[in-house]
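Right, one structure below, let's go through it.
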Amino acid sequence: MRLSPLSTLGRTTMTRTLLDNVNYDVLNTIALKKMAAEKAIADASGVSLGQVATALDDLESQGLVVTIGTQSLPTDDAVPALVATAATRYANLRIDPAVLEMATKFEQVNGQFLKAISSWQQVDVAGRKITNDHSDSEYDSKVLDRLDKLVSRLVQLIAVLSHQDGRFDRYAVRFIRATDLVLAGDLAYVSSPTIESVHNIWFEFHEDLLRTLGQERGE
Amino acid sequence: MTTVLAEGFNAFETTKSPEGTVKYLGSPQDVIQLLSSGKLAEHILLVRGGTTTFLSPALSMGAIGIITMSGAPESHLGILSREFQTPCVMTAYLTSSDSRYVVGKSGDAHFEEMAANLEGKHVRLDVTDSEVGRVVLMD
């Protein structure tokens, strides 16, 4: 269904040429973040800044990325290119029983995580959800403890993927950095959408996992 | 007399009451086009799902209100809307129609009917109730 007018902005003829690993990692990071500057792309992907700049030029010339100011955004052709490449790059991973078991465990942990984040944002008072003003330190501590346990479980699950592709190690590094900041008292790193918060990293990992496995996200 | 075009789950209760013309966003390209137009703040954004992840740039660049046709307040988009304090009516349904979103069962017809009835309308989001968000016709 497309009800808005088609735009030609950033579009070229659809290409099904598979992406090399660096271009995949850079484009995948942009697609996961939806909008990212070079430094953030390098940090999240583990690709050097120099390689990121080269990859962005390449991806833009292929019509897979468009730049607005300092930010790179994926075009409509980006995800199809990633999906096609992932099918080949991760063909063996997709039939690995350990990975499939990991993915099943992730779904359980993910459901608990989304509830925990909602509990961080809102407090149930007599059946009415109101914004958590973080004045109840005991309540907050319980939610943070829950989130910390869930992140620890996820980091263990990520190790299964890292055996197959070392790029997934970046998620563990980023989670540890974010949780350390939370434990140090910077509570914005729980769920702020504009920084490397636990929720942002978690969400990116979920999207990445689905693409890696060739699965669709459910509602 | 107030005309409520659609209702759904309210992602969070707020006295904010954004007004704008409903614009359906079906793809990342639609978002890029809207951001490039500089008219983001004129629109209430209509998307299919609570997991419509390509909407994130619009939220971070100042989207004023969102209507989703599926998804729960606990979904990613619900969480983001609370973080950005952007009013968001989720799994909205038309008050003039019996069609309701059912996970895994609703086909394109449901979404197309929603979009056809909402796109281009000048509306206001009433999200003052803790549970129900309303899309109110302004013209």
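For the structure tokens, the naming scheme is as follows: chains receive sequential letters (A, B, ...) according to their order of presentation, residues are indexed from 1 within each chain, and ligands are indexed from 1 in presentation order.
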Any chance you could list, as a compact mmCIF listing (two decimals) with N, CA, C and O atoms, in the first residue's frame, the residues in region 6-69 of chain B that come up helix (DSSP H, G or I) when DSSP is run on the backbone?
# COMPACT_ATOMS: atom_id res chain seq x y z
N PRO B 28 10.37 4.35 4.43
CA PRO B 28 11.43 5.28 4.84
C PRO B 28 11.50 6.48 3.90
O PRO B 28 11.77 7.60 4.33
N GLN B 29 11.24 6.25 2.61
CA GLN B 29 11.31 7.36 1.64
C GLN B 29 10.28 8.44 1.94
O GLN B 29 10.55 9.62 1.79
N ASP B 30 9.12 8.01 2.39
CA ASP B 30 8.08 8.99 2.76
C ASP B 30 8.58 9.87 3.90
O ASP B 30 8.29 11.07 3.95
N VAL B 31 9.30 9.25 4.86
CA VAL B 31 9.82 10.01 6.00
C VAL B 31 10.88 10.99 5.54
O VAL B 31 10.88 12.17 5.92
N ILE B 32 11.79 10.52 4.67
CA ILE B 32 12.86 11.39 4.15
C ILE B 32 12.23 12.58 3.42
O ILE B 32 12.63 13.73 3.61
N GLN B 33 11.22 12.30 2.62
CA GLN B 33 10.56 13.36 1.84
C GLN B 33 9.92 14.38 2.78
O GLN B 33 10.02 15.59 2.56
N LEU B 34 9.26 13.88 3.82
CA LEU B 34 8.60 14.78 4.77
C LEU B 34 9.63 15.63 5.52
O LEU B 34 9.45 16.85 5.68
N LEU B 35 10.71 15.00 5.97
CA LEU B 35 11.74 15.75 6.69
C LEU B 35 12.36 16.80 5.79
O LEU B 35 12.63 17.93 6.21
N SER B 36 12.57 16.44 4.53
CA SER B 36 13.18 17.38 3.58
C SER B 36 12.25 18.54 3.25
O SER B 36 12.71 19.63 2.91
N SER B 37 10.96 18.32 3.37
CA SER B 37 9.98 19.36 3.01
C SER B 37 9.91 20.48 4.04
O SER B 37 9.43 21.57 3.74
N LEU B 40 7.17 19.00 8.64
CA LEU B 40 6.88 17.94 9.60
C LEU B 40 5.85 18.36 10.65
O LEU B 40 4.93 17.61 10.98
N ALA B 41 6.00 19.61 11.15
CA ALA B 41 5.15 20.06 12.25
C ALA B 41 3.72 20.37 11.83
O ALA B 41 2.87 20.66 12.67
N GLU B 42 3.44 20.27 10.53
CA GLU B 42 2.07 20.54 10.06
C GLU B 42 1.21 19.28 10.06
O GLU B 42 0.02 19.34 9.80
N THR B 53 9.54 1.17 12.43
CA THR B 53 10.79 1.70 12.96
C THR B 53 11.32 2.89 12.17
O THR B 53 12.05 3.70 12.72
N PHE B 54 10.92 3.01 10.89
CA PHE B 54 11.48 4.11 10.10
C PHE B 54 10.94 5.47 10.53
O PHE B 54 11.37 6.50 10.03
N LEU B 55 10.03 5.49 11.47
CA LEU B 55 9.48 6.76 11.94
C LEU B 55 10.43 7.48 12.91
O LEU B 55 10.26 8.68 13.16
N SER B 56 11.40 6.78 13.43
CA SER B 56 12.28 7.36 14.47
C SER B 56 12.85 8.73 14.11
O SER B 56 12.83 9.64 14.95
N PRO B 57 13.39 8.93 12.88
CA PRO B 57 13.93 10.26 12.57
C PRO B 57 12.88 11.35 12.68
O PRO B 57 13.18 12.47 13.11
N ALA B 58 11.65 11.05 12.30
CA ALA B 58 10.58 12.06 12.39
C ALA B 58 10.32 12.43 13.85
O ALA B 58 10.09 13.60 14.17
N LEU B 59 10.37 11.43 14.73
CA LEU B 59 10.17 11.72 16.15
C LEU B 59 11.28 12.61 16.68
O LEU B 59 11.03 13.58 17.39
N SER B 60 12.51 12.27 16.33
CA SER B 60 13.63 13.04 16.88
C SER B 60 13.70 14.43 16.27
O SER B 60 14.33 15.32 16.83
Problem set entry | Interface residues on chain B facing chain A, 10 Å, only C-alpha atoms, written as a ChimeraX atom specification | /B:11-14,23-33,35-36,49-60,70-76,78-84,103-104,108-109,111-112,115-116,119,129-131
For this session: Find, counting only C-alpha atoms, the residue in A:Gln164, A:Ser197, A:Leu157, A:Gln108 that gets nearest to Ala91 (chain A).
Result: A:Gln164
